[in-house]
>>> print(open('my_file_30.pdb').read())   # PDB, C-alpha atoms
ATOM      1  CA  MET A   9      99.256 101.176 107.919
ATOM      2  CA  ARG A  10      99.689 104.237 105.760
ATOM      3  CA  LEU A  11     100.098 103.785 102.005
ATOM      4  CA  VAL A  12     100.769 105.930  98.963
ATOM      5  CA  LEU A  13      99.284 104.494  95.769
ATOM      6  CA  ASP A  14     100.564 105.646  92.437
ATOM      7  CA  THR A  15      98.153 106.486  89.624
ATOM      8  CA  HIS A  16      98.299 103.024  88.044
ATOM      9  CA  VAL A  17      97.289 101.376  91.311
ATOM     10  CA  TRP A  18      94.335 103.769  91.665
ATOM     11  CA  LEU A  19      93.324 102.859  88.107
ATOM     12  CA  ASP A  20      93.520  99.146  88.950
ATOM     13  CA  LEU A  21      91.335  99.718  92.018
ATOM     14  CA  LEU A  22      88.724 102.041  90.563
ATOM     15  CA  ILE A  23      88.609 101.520  86.784
ATOM     16  CA  PHE A  24      90.037  98.116  85.861
ATOM     17  CA  ARG A  25      88.939  96.347  89.081
ATOM     18  CA  ASP A  26      92.050  94.186  88.846
ATOM     19  CA  PRO A  27      91.708  91.081  91.083
ATOM     20  CA  ALA A  28      95.395  91.464  92.004
ATOM     21  CA  VAL A  29      94.501  94.522  94.101
ATOM     22  CA  ALA A  30      91.538  92.891  95.880
ATOM     23  CA  PRO A  31      93.532  92.422  99.139
ATOM     24  CA  LEU A  32      94.471  96.095  99.019
ATOM     25  CA  ALA A  33      90.850  97.095  98.372
ATOM     26  CA  ALA A  34      89.739  94.981 101.344
ATOM     27  CA  ALA A  35      92.394  96.505 103.627
ATOM     28  CA  LEU A  36      91.335 100.022 102.634
ATOM     29  CA  ALA A  37      87.629  99.233 103.045
ATOM     30  CA  SER A  38      88.148  97.681 106.488
ATOM     31  CA  GLY A  39      90.337 100.519 107.755
ATOM     32  CA  ARG A  40      93.333  98.209 108.151
ATOM     33  CA  ALA A  41      95.121 100.472 105.664
ATOM     34  CA  GLU A  42      94.955 104.175 104.965
ATOM     35  CA  ALA A  43      95.771 105.635 101.554
ATOM     36  CA  VAL A  44      97.139 109.164 101.398
ATOM     37  CA  VAL A  45      97.074 111.504  98.415
ATOM     38  CA  ASP A  46      98.016 115.110  97.849
ATOM     39  CA  ALA A  47      96.941 117.690  95.287
ATOM     40  CA  PRO A  48      99.618 116.769  92.682
ATOM     41  CA  ALA A  49      98.686 113.065  92.894
ATOM     42  CA  LEU A  50      94.980 113.890  92.506
ATOM     43  CA  GLU A  51      95.720 116.175  89.552
ATOM     44  CA  GLU A  52      97.657 113.415  87.819
ATOM     45  CA  PHE A  53      94.885 110.894  88.497
ATOM     46  CA  ALA A  54      92.273 113.257  87.036
ATOM     47  CA  ARG A  55      94.432 113.822  83.937
ATOM     48  CA  VAL A  56      95.107 110.112  83.411
ATOM     49  CA  LEU A  57      91.423 109.215  83.810
ATOM     50  CA  ALA A  58      90.799 111.088  80.551
ATOM     51  CA  TYR A  59      93.243 108.865  78.609
ATOM     52  CA  PRO A  60      91.780 106.217  76.290
ATOM     53  CA  PHE A  61      91.881 102.704  77.816
ATOM     54  CA  GLY A  62      90.141 100.767  75.076
ATOM     55  CA  ARG A  63      87.034  99.045  76.374
ATOM     56  CA  HIS A  64      87.781 100.339  79.896
ATOM     57  CA  THR A  65      87.798 104.025  78.881
ATOM     58  CA  PRO A  66      85.571 105.835  81.364
ATOM     59  CA  ASP A  67      83.163 108.492  80.143
ATOM     60  CA  ALA A  68      83.122 111.901  81.833
ATOM     61  CA  ALA A  69      80.645 110.764  84.498
ATOM     62  CA  ALA A  70      82.707 107.662  85.333
ATOM     63  CA  GLN A  71      85.871 109.784  85.461
ATOM     64  CA  GLY A  72      84.226 112.115  87.968
ATOM     65  CA  ALA A  73      82.936 109.175  89.993
ATOM     66  CA  ALA A  74      86.398 107.549  90.092
ATOM     67  CA  LEU A  75      88.021 110.785  91.209
ATOM     68  CA  ALA A  76      85.335 111.290  93.867
ATOM     69  CA  ARG A  77      85.796 107.694  95.070
ATOM     70  CA  CYS A  78      89.564 108.218  95.294
ATOM     71  CA  ARG A  79      88.982 111.310  97.426
ATOM     72  CA  GLU A  80      86.581 109.341  99.662
ATOM     73  CA  MET A  81      88.978 106.430 100.085
ATOM     74  CA  ALA A  82      92.103 108.486 100.752
ATOM     75  CA  THR A  83      93.245 111.024 103.284
ATOM     76  CA  LEU A  84      94.276 114.309 101.700
ATOM     77  CA  TYR A  85      97.792 115.189 102.799
ATOM     78  CA  PRO A  86      99.160 118.710 102.317
ATOM     79  CA  THR A  87     101.537 118.976  99.400
ATOM     80  CA  PRO A  88     104.903 118.081 100.905
ATOM     81  CA  PRO A  89     107.564 120.754 101.258
ATOM     82  CA  GLU A  90     111.025 120.149  99.878
ATOM     83  CA  PRO A  91     112.160 116.998 101.729
ATOM     84  CA  GLU A  92     114.882 117.373 104.354
ATOM     85  CA  THR A  93     115.903 113.763 103.792
ATOM     86  CA  LYS A  94     117.668 113.317 100.486
ATOM     87  CA  LEU A  95     115.580 111.130  98.218
ATOM     88  CA  PRO A  96     116.913 109.447  95.112
ATOM     89  CA  VAL A  97     115.846 111.091  91.875
ATOM     90  CA  CYS A  98     113.402 108.975  89.920
ATOM     91  CA  ARG A  99     114.152 108.481  86.214
ATOM     92  CA  ASP A 100     110.576 109.558  85.528
ATOM     93  CA  PRO A 101     110.169 113.089  86.912
ATOM     94  CA  ASP A 102     106.369 112.603  87.052
ATOM     95  CA  ASP A 103     106.875 109.888  89.686
ATOM     96  CA  GLN A 104     109.068 111.922  92.054
ATOM     97  CA  LYS A 105     105.922 113.313  93.705
ATOM     98  CA  PHE A 106     105.004 109.832  94.974
ATOM     99  CA  LEU A 107     108.396 109.416  96.666
ATOM    100  CA  GLU A 108     108.095 112.857  98.252
ATOM    101  CA  LEU A 109     104.549 112.175  99.459
ATOM    102  CA  ALA A 110     105.510 108.779 100.923
ATOM    103  CA  LEU A 111     108.408 110.355 102.815
ATOM    104  CA  ALA A 112     106.461 113.386 104.078
ATOM    105  CA  ALA A 113     103.415 111.325 105.097
ATOM    106  CA  ARG A 114     105.619 108.748 106.824
ATOM    107  CA  ALA A 115     104.038 106.040 104.702
ATOM    108  CA  ASP A 116     104.734 102.406 105.415
ATOM    109  CA  ALA A 117     104.803 101.741 101.683
ATOM    110  CA  LEU A 118     104.450 103.169  98.212
ATOM    111  CA  LEU A 119     102.531 100.766  95.973
ATOM    112  CA  THR A 120     103.411 100.963  92.299
ATOM    113  CA  LYS A 121     103.855  98.941  89.132
ATOM    114  CA  ASP A 122     106.301 101.496  87.759
ATOM    115  CA  ARG A 123     109.795 100.076  87.280
ATOM    116  CA  ALA A 124     111.327 103.543  87.650
ATOM    117  CA  LEU A 125     110.031 103.561  91.244
ATOM    118  CA  LEU A 126     110.510  99.865  92.025
ATOM    119  CA  VAL A 127     114.249 100.042  91.319
ATOM    120  CA  LEU A 128     114.586 102.643  94.093
ATOM    121  CA  ARG A 129     113.174 100.395  96.818
ATOM    122  CA  ARG A 130     116.502  99.908  98.619
ATOM    123  CA  ARG A 131     117.305 103.611  98.606
ATOM    124  CA  VAL A 132     114.336 105.030 100.531
ATOM    125  CA  PRO A 133     113.221 104.832 104.185
ATOM    126  CA  PHE A 134     109.874 103.195 103.306
ATOM    127  CA  ARG A 135     108.849 100.158 101.315
ATOM    128  CA  ILE A 136     108.234 100.351  97.596
ATOM    129  CA  LEU A 137     106.160  97.371  96.540
ATOM    130  CA  ALA A 138     104.244  96.098  93.573
ATOM    131  CA  PRO A 139     100.554  95.922  94.543
ATOM    132  CA  GLU A 140     100.633  92.124  94.235
ATOM    133  CA  ALA A 141     103.170  92.033  97.089
ATOM    134  CA  PHE A 142     100.879  93.958  99.452
ATOM    135  CA  GLU A 143      99.093  90.887 100.819
ATOM    136  CA  THR A 144     102.240  89.004 101.800
ATOM    137  CA  ALA A 145     104.130  92.076 103.032
ATOM    138  CA  PHE A 146     101.294  93.212 105.295
ATOM    139  CA  ALA A 147      99.474  89.978 106.081
ATOM    140  CA  PRO A 148      97.681  89.994 109.413
ATOM    141  CA  ALA A 149      99.434  87.946 112.080
ATOM    142  CA  GLY A 150      97.155  88.033 115.079
ATOM    143  CA  SER A 151      96.558  91.695 115.836
ATOM    144  CA  GLU A 152      99.884  92.864 114.398
ATOM    145  CA  LEU A 153     100.682  93.532 110.738
ATOM    146  CA  ARG A 154     103.783  91.778 109.547
ATOM    147  CA  GLY A 155     106.233  94.351 108.237
ATOM    148  CA  SER A 156     104.548  97.443 109.626
ATOM    149  CA  ARG A 157     106.376 100.050 111.625
ATOM    150  CA  PRO A 158     105.577 100.631 115.253
ATOM    151  CA  PRO A 159     103.429 103.704 115.828
ATOM    152  CA  GLY A 160     105.166 106.976 116.411
TER     153      GLY A 160
END
>>> encode(input="my_file_30.pdb", output="structure tokens")
Amino acid sequence: MRLVLDTHVWLDLLIFRDPAVAPLAAALASGRAEAVVDAPALEEFARVLAYPFGRHTPDAAAQGAALARCREMATLYPTPPEPETKLPVCRDPDDQKFLELALAARADALLTKDRALLVLRRRVPFRILAPEAFETAFAPAGSELRGSRPPG
């Protein structure tokens, strides 16, 4: 399955090591899921890595390592052109890029904790889920993934 992760989910995976994203981490590591990023998403992640996070604030070396790990774990998708399908406009203009990437990359889901994105989940042709919902939405059922789209 193809996934777009917003910046907060990448932080949970690579900096905070949040147990709530462990099923997602396992799916990415096993190849059961593929994360896609584009240049704007990577730029935002690099910028946010420099923010202070209290005791979890990464130094410059850890920031570089997290960005490198993100690039290793994800497939780089070309920056999407203007979408032909009309997407809703996100209240937070910084989050619109994740909707556009999910649409262009034909993602099965956009994983986010951001309420401005979550409220749009019924208005887009892909799933928008909180990362905690990943495990139940895409739980293995035999060889098929529950909730995934057929290939094509």
>>> residues_around(input="my_file_30.pdb", residues="Asp122 in chain A", least_positions_apart="6", cutoff="10 Å", atoms="only C-alpha atoms", output="list of chain:residue names")
A:Asp14, A:Thr15, A:His16, A:Val17, A:Asp100, A:Asp103, A:Leu137, A:Ala138
>>> closest_residue(input="my_file_30.pdb", among="A:Val56, A:Val29, A:Val44, A:Ala82", to="Leu109 in chain A", atoms="only C-alpha atoms")
A:Val44
>>> resolve_selection(input="my_file_30.pdb", expression="the PyMOL selection byres ((chain A and resi 83) around 9)", output="list in words")
Glu42, Ala43, Val44, Val45, Asp46, Arg79, Glu80, Met81, Ala82, Leu84 and Tyr85 of chain A
>>> atom_distance(input="my_file_30.pdb", atom1="CA of Ala35 in chain A", atom2="CA of Leu11 in chain A")
10.7 Å
>>> residues_around(input="my_file_30.pdb", residues="Lys94 in chain A", least_positions_apart="4", cutoff="12 Å", atoms="all atoms listed in the file", output="number ranges by chain")
A: 90, 107-108, 111-112, 131-133
>>> write_last_selection(input="my_file_30.pdb", atoms="C-alpha atoms", output="compact mmCIF listing (two decimals), in the frame of the given file")
# COMPACT_ATOMS: atom_id res chain seq x y z
CA GLU A 90 111.02 120.15 99.88
CA LEU A 107 108.40 109.42 96.67
CA GLU A 108 108.10 112.86 98.25
CA LEU A 111 108.41 110.36 102.82
CA ALA A 112 106.46 113.39 104.08
CA ARG A 131 117.30 103.61 98.61
CA VAL A 132 114.34 105.03 100.53
CA PRO A 133 113.22 104.83 104.18
>>> residues_around(input="my_file_30.pdb", residues="Arg135 in chain A", least_positions_apart="4", cutoff="10 Å", atoms="only C-alpha atoms", output="JSON, numbers by chain")
{"A": [11, 110, 115, 116, 117, 118, 119, 126, 128, 129, 130, 131, 145, 155, 156]}
>>> residues_around(input="my_file_30.pdb", residues="Ala33 in chain A", least_positions_apart="3", cutoff="12 Å", atoms="all atoms listed in the file", output="short mmCIF file (atom, residue, chain, number, x, y, z; two decimals) with C-alpha atoms, in the frame of the given file")
data_model
loop_
_atom_site.label_atom_id
_atom_site.label_comp_id
_atom_site.auth_asym_id
_atom_site.auth_seq_id
_atom_site.Cartn_x
_atom_site.Cartn_y
_atom_site.Cartn_z
CA LEU A 11 100.10 103.78 102.00
CA LEU A 13 99.28 104.49 95.77
CA VAL A 17 97.29 101.38 91.31
CA TRP A 18 94.34 103.77 91.66
CA ASP A 20 93.52 99.15 88.95
CA LEU A 21 91.34 99.72 92.02
CA LEU A 22 88.72 102.04 90.56
CA ARG A 25 88.94 96.35 89.08
CA ASP A 26 92.05 94.19 88.85
CA PRO A 27 91.71 91.08 91.08
CA ALA A 28 95.40 91.46 92.00
CA VAL A 29 94.50 94.52 94.10
CA ALA A 30 91.54 92.89 95.88
CA LEU A 36 91.34 100.02 102.63
CA ALA A 37 87.63 99.23 103.04
CA SER A 38 88.15 97.68 106.49
CA GLY A 39 90.34 100.52 107.76
CA ARG A 40 93.33 98.21 108.15
CA ALA A 41 95.12 100.47 105.66
CA GLU A 42 94.96 104.18 104.96
CA ALA A 43 95.77 105.64 101.55
CA CYS A 78 89.56 108.22 95.29
CA MET A 81 88.98 106.43 100.08
CA ALA A 82 92.10 108.49 100.75
CA PRO A 139 100.55 95.92 94.54
CA GLU A 140 100.63 92.12 94.24
CA PHE A 142 100.88 93.96 99.45
CA GLU A 143 99.09 90.89 100.82
#
>>> residues_around(input="my_file_30.pdb", residues="Ala124 in chain A", least_positions_apart="6", cutoff="10 Å", atoms="only C-alpha atoms", output="ChimeraX atom specification")
/A:97-101,103-104
>>> residues_near_point(input="my_file_30.pdb", point="(85.8, 115.0, 87.6)", cutoff="12 Å", atoms="only C-alpha atoms", output="NGL selection string")
:A and (50-58 or 66-79)
>>> atom_distance(input="my_file_30.pdb", atom1="CA of Ala47 in chain A", atom2="CA of Ala113 in chain A")
13.4 Å
>>> atom_distance(input="my_file_30.pdb", atom1="CA of Ile136 in chain A", atom2="CA of Tyr59 in chain A")
25.6 Å
>>> axis_aligned_box(input="my_file_30.pdb", around="range 18-33 of chain A", padding_each_side="3 Å", output="JSON")
{"center_x": 92.0, "center_y": 97.4, "center_z": 92.5, "size_x": 12.8, "size_y": 18.7, "size_z": 19.3}
>>> closest_residue(input="my_file_30.pdb", among="A:Pro60, A:Leu95, A:Val12, A:Phe134", to="Thr120 in chain A", atoms="all atoms listed in the file")
A:Val12
>>> closest_residue(input="my_file_30.pdb", among="A:Phe24, A:Glu92, A:Lys121, A:Leu32", to="Met9 in chain A", atoms="all atoms listed in the file")
A:Leu32
>>> decode(input="my_file_30.pdb", residues="range 35-62 of chain A", atoms="N, CA and C atoms", output="short mmCIF file (atom, residue, chain, number, x, y, z; two decimals), in the first residue's frame")
data_model
loop_
_atom_site.label_atom_id
_atom_site.label_comp_id
_atom_site.auth_asym_id
_atom_site.auth_seq_id
_atom_site.Cartn_x
_atom_site.Cartn_y
_atom_site.Cartn_z
N ALA A 35 5.29 -2.11 9.07
CA ALA A 35 4.79 -2.25 7.70
C ALA A 35 5.77 -1.64 6.70
N LEU A 36 6.36 -0.51 7.05
CA LEU A 36 7.35 0.11 6.16
C LEU A 36 8.61 -0.74 6.07
N ALA A 37 9.07 -1.25 7.22
CA ALA A 37 10.29 -2.05 7.25
C ALA A 37 10.13 -3.36 6.48
N SER A 38 8.95 -3.95 6.53
CA SER A 38 8.71 -5.23 5.86
C SER A 38 8.40 -5.09 4.38
N GLY A 39 8.14 -3.86 3.93
CA GLY A 39 7.76 -3.66 2.54
C GLY A 39 6.27 -3.80 2.30
N ARG A 40 5.51 -4.05 3.35
CA ARG A 40 4.05 -4.15 3.22
C ARG A 40 3.44 -2.79 2.89
N ALA A 41 4.17 -1.73 3.23
CA ALA A 41 3.73 -0.36 2.94
C ALA A 41 4.89 0.40 2.33
N GLU A 42 4.54 1.36 1.50
CA GLU A 42 5.52 2.24 0.88
C GLU A 42 5.14 3.67 1.22
N ALA A 43 6.08 4.42 1.75
CA ALA A 43 5.86 5.85 2.01
C ALA A 43 6.39 6.62 0.81
N VAL A 44 5.66 7.66 0.42
CA VAL A 44 6.13 8.53 -0.65
C VAL A 44 6.28 9.95 -0.10
N VAL A 45 7.32 10.61 -0.58
CA VAL A 45 7.57 12.02 -0.23
C VAL A 45 7.90 12.75 -1.52
N ASP A 46 7.84 14.06 -1.45
CA ASP A 46 8.31 14.88 -2.56
C ASP A 46 9.20 15.98 -1.98
N ALA A 47 9.77 16.79 -2.83
CA ALA A 47 10.70 17.82 -2.37
C ALA A 47 10.07 18.77 -1.35
N PRO A 48 8.85 19.29 -1.55
CA PRO A 48 8.27 20.17 -0.54
C PRO A 48 8.08 19.49 0.82
N ALA A 49 7.69 18.22 0.82
CA ALA A 49 7.53 17.50 2.10
C ALA A 49 8.87 17.33 2.79
N LEU A 50 9.91 17.00 2.02
CA LEU A 50 11.25 16.85 2.61
C LEU A 50 11.78 18.19 3.14
N GLU A 51 11.52 19.27 2.41
CA GLU A 51 11.95 20.59 2.87
C GLU A 51 11.28 20.95 4.19
N GLU A 52 9.98 20.67 4.29
CA GLU A 52 9.29 20.96 5.54
C GLU A 52 9.85 20.11 6.67
N PHE A 53 10.09 18.83 6.42
CA PHE A 53 10.63 17.95 7.45
C PHE A 53 11.99 18.46 7.93
N ALA A 54 12.85 18.85 7.01
CA ALA A 54 14.16 19.38 7.38
C ALA A 54 14.03 20.64 8.23
N ARG A 55 13.10 21.52 7.86
CA ARG A 55 12.88 22.76 8.62
C ARG A 55 12.37 22.45 10.03
N VAL A 56 11.41 21.54 10.13
CA VAL A 56 10.80 21.23 11.42
C VAL A 56 11.78 20.49 12.33
N LEU A 57 12.67 19.71 11.76
CA LEU A 57 13.68 19.02 12.58
C LEU A 57 14.52 20.00 13.40
N ALA A 58 14.66 21.22 12.93
CA ALA A 58 15.46 22.22 13.64
C ALA A 58 14.69 22.90 14.77
N TYR A 59 13.40 22.64 14.90
CA TYR A 59 12.60 23.24 15.98
C TYR A 59 13.01 22.63 17.32
N PRO A 60 12.85 23.39 18.40
CA PRO A 60 13.13 22.81 19.73
C PRO A 60 11.99 21.88 20.17
N PHE A 61 12.34 20.68 20.63
CA PHE A 61 11.36 19.70 21.11
C PHE A 61 11.64 19.31 22.55
N GLY A 62 12.16 20.23 23.34
CA GLY A 62 12.49 19.88 24.71
C GLY A 62 13.57 18.82 24.76
#
